[in-house]
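Enquirer: Below is a structure I'd like to ask you about.
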Amino acid sequence: MSLRADAVRSNGERWRAAYATDPARTRGRLIPEAGSPTRSDFQRDRDRIIHSTAFRRLKHKTQVFVHHEGDHYRTRLTHTLEVSQIGRALARALGLDEDLAEALALSHDLGHTCFGHTGEDALDACMARYGGFDHNAQALRIVTRLERRYAGFDGLNLAWETLEGLVKHNGPLLTADGQPTPRYAARGIPAAILEYDALNPLDLWSQAGPEAQAASLADDIAYAAHDLDDGLRAGLFEIPELRAVPFLAGLLDEIDRLHPGLEPSRMIHELARRVITRFVEDVIREGGRRIEELDPRRVEDIRNADQAVIVFSPEIAAADADIMRFLWDRMYRHPGVVAVRKKADAIVNDLFAAFTAAPSRMPEEWSAGLEEASEARVARRVADYIAGMTDTYAVLAHRKLYATTPDLHWELPSRGLPLAEP
């Protein structure tokens, strides 16, 4: 079997390979609904995600820098849109369902809290006695329970394939014999996932569908390229320092050869776009090679494979790991970033303490029914409420409850680099 080179039929219909997830053969929704005359089930899911409250809130949720540190730094929303674009490109080249890949890319960060990973870590610690907090499980809670927009159901009532891909985009959660995979071995599968799986089994033991695999790689690609971009523009490190990463050194040599004397702001963009291009082309080549080797005749063949098929080659996987190590050392652990993280951690801890001590401090829609609730139920409701907050809302909520609120501002060492053209 070979991948088709012409990704679009002459009549404009997108090519979908036999091993792609076919919306006409979906396993359906938990609550049956009549089909749409104008959209496939996966297009419908994508639209529901985009119109959800949780999606809009991503605009003011931290990626790395909190919202007031600059309009041109990425937020969870802009990161999500970039992942969506890359995910669609991978899906199109590999003959997958683009709409499902897009829906999964758009939903992959819905469960993230205010203040990015700091907020998640803080909530996880607060919830340690009650099963912890996991952003992937929280995304499932949002799309199956917490969004309350439709008259006939809670959540978004997404198709089985969208929910499966959302939960398993990082791979299976269980081994073939039903044990947690290494990612969950220490703490077990989050209760929210197990509860939903008992209601609507998501085959937690199998590989994710190919569109989910593509969306996961798109996330990795966006992180690598765009965090380098943001870190350089913020002045956390300089272009020559990137030569410590051999892969990036090669790209910088290429840029110097083609565009000698290029100004720094253009150099940064040229570097980021080359990272994306090389990584995307690698996934298409390696994914195509592995698909041909597996020779899947239907999507179940990919789900039942021993390992993922949409992956980086060993060489690019090593380059990605080198870039992430550099970013951990020079960006995520930068003293200024760490200092802001500690302040954000304090805000989340304070909010959790205040709302669990007196749930009535939350809006009525969140506090209703908690008068006689167990400690664990109160804690989970509070975690849901805090997790949904934007950075801005969390700071304002803290100011209403406490006399002083940590100041999250800090001066970025921009070193004179423009963030973007006016």
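Residue numbers start at 1 in each chain; chains themselves are named A, B, ... in the order of the structure tokens; ligands are numbered from 1 in the order shown.
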Check which residues of stretch 34-120 of chain A sit at most 9 Å from stretch 160-166 of chain A using only C-alpha atoms, and return one row each with the closest pair of atoms and their distance in Å to one decimal, ordered by chain and rising number, as CSV.

Expert:
```
residue,atom,partner,partner_atom,distance
A:Phe42,CA,A:Thr162,CA,7.4
A:Asp45,CA,A:Thr162,CA,7.5
A:Leu100,CA,A:Thr162,CA,6.8
A:Ala101,CA,A:Thr162,CA,8.8
A:Ala103,CA,A:Thr162,CA,7.2
A:Leu104,CA,A:Leu166,CA,6.0
A:Ala105,CA,A:Leu166,CA,8.7
A:Ser107,CA,A:Leu166,CA,7.2
A:His108,CA,A:Leu166,CA,6.3
```

Enquirer: Can you list every residue in stretch 150-298 of chain A that DSSP puts in strand (DSSP E or B), as a ChimeraX atom specification?

Expert: /A:150,153,159,174,180

Enquirer: I'd like the neighbourhood of A:Leu217 as a ChimeraX atom specification, where a residue qualifies if any of its atoms comes within 12 Å (using only C-alpha atoms), though same-chain residues fewer than 6 positions away should be ignored.

Expert: /A:83-91,101,104-105,108,169-171,210-211,223-224,276,279-284,287,308-313,316-317,320

Enquirer: Out of stretch 187-280 of chain A, which residues get alpha helix (DSSP H) from DSSP, as a count of residues only?

Expert: 64

Enquirer: When you count only C-alpha atoms, which of these residues is closest to A:Gly155: A:Ala397, A:Leu30, A:Val382, A:Val299?

Expert: A:Leu30

Enquirer: Here is a test: counting only C-alpha atoms, which residue of A:Asp407, A:Glu241, A:Asp229, A:Asp295 is nearest to A:Arg274?

Expert: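 So, comparing all the options, the nearest one is A:Asp229.
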
Enquirer: Go through A:Arg39, A:Met331, A:Ala387, A:Pro190 and flag the residue nearest A:Leu232, using only C-alpha atoms for the distances.

Expert: A:Met331

Enquirer: Point out the residue among A:Ala198, A:Ile386, A:Leu158, A:Ile49 with the least atom-to-atom distance to A:Leu110, counting only C-alpha atoms.

Expert: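 Closest to A:Leu110, using only C-alpha atoms: A:Ile49.
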
Enquirer: Nearest to A:Leu106: which of A:Ser216, A:Gln207, A:Pro37, A:His135 is it, counting only C-alpha atoms?

Expert: A:Ser216

Enquirer: Within 12 Å of A:Ala357, counting only C-alpha atoms, which residues qualify if same-chain residues fewer than 4 places away don't, as a count of residues only?

Expert: 13
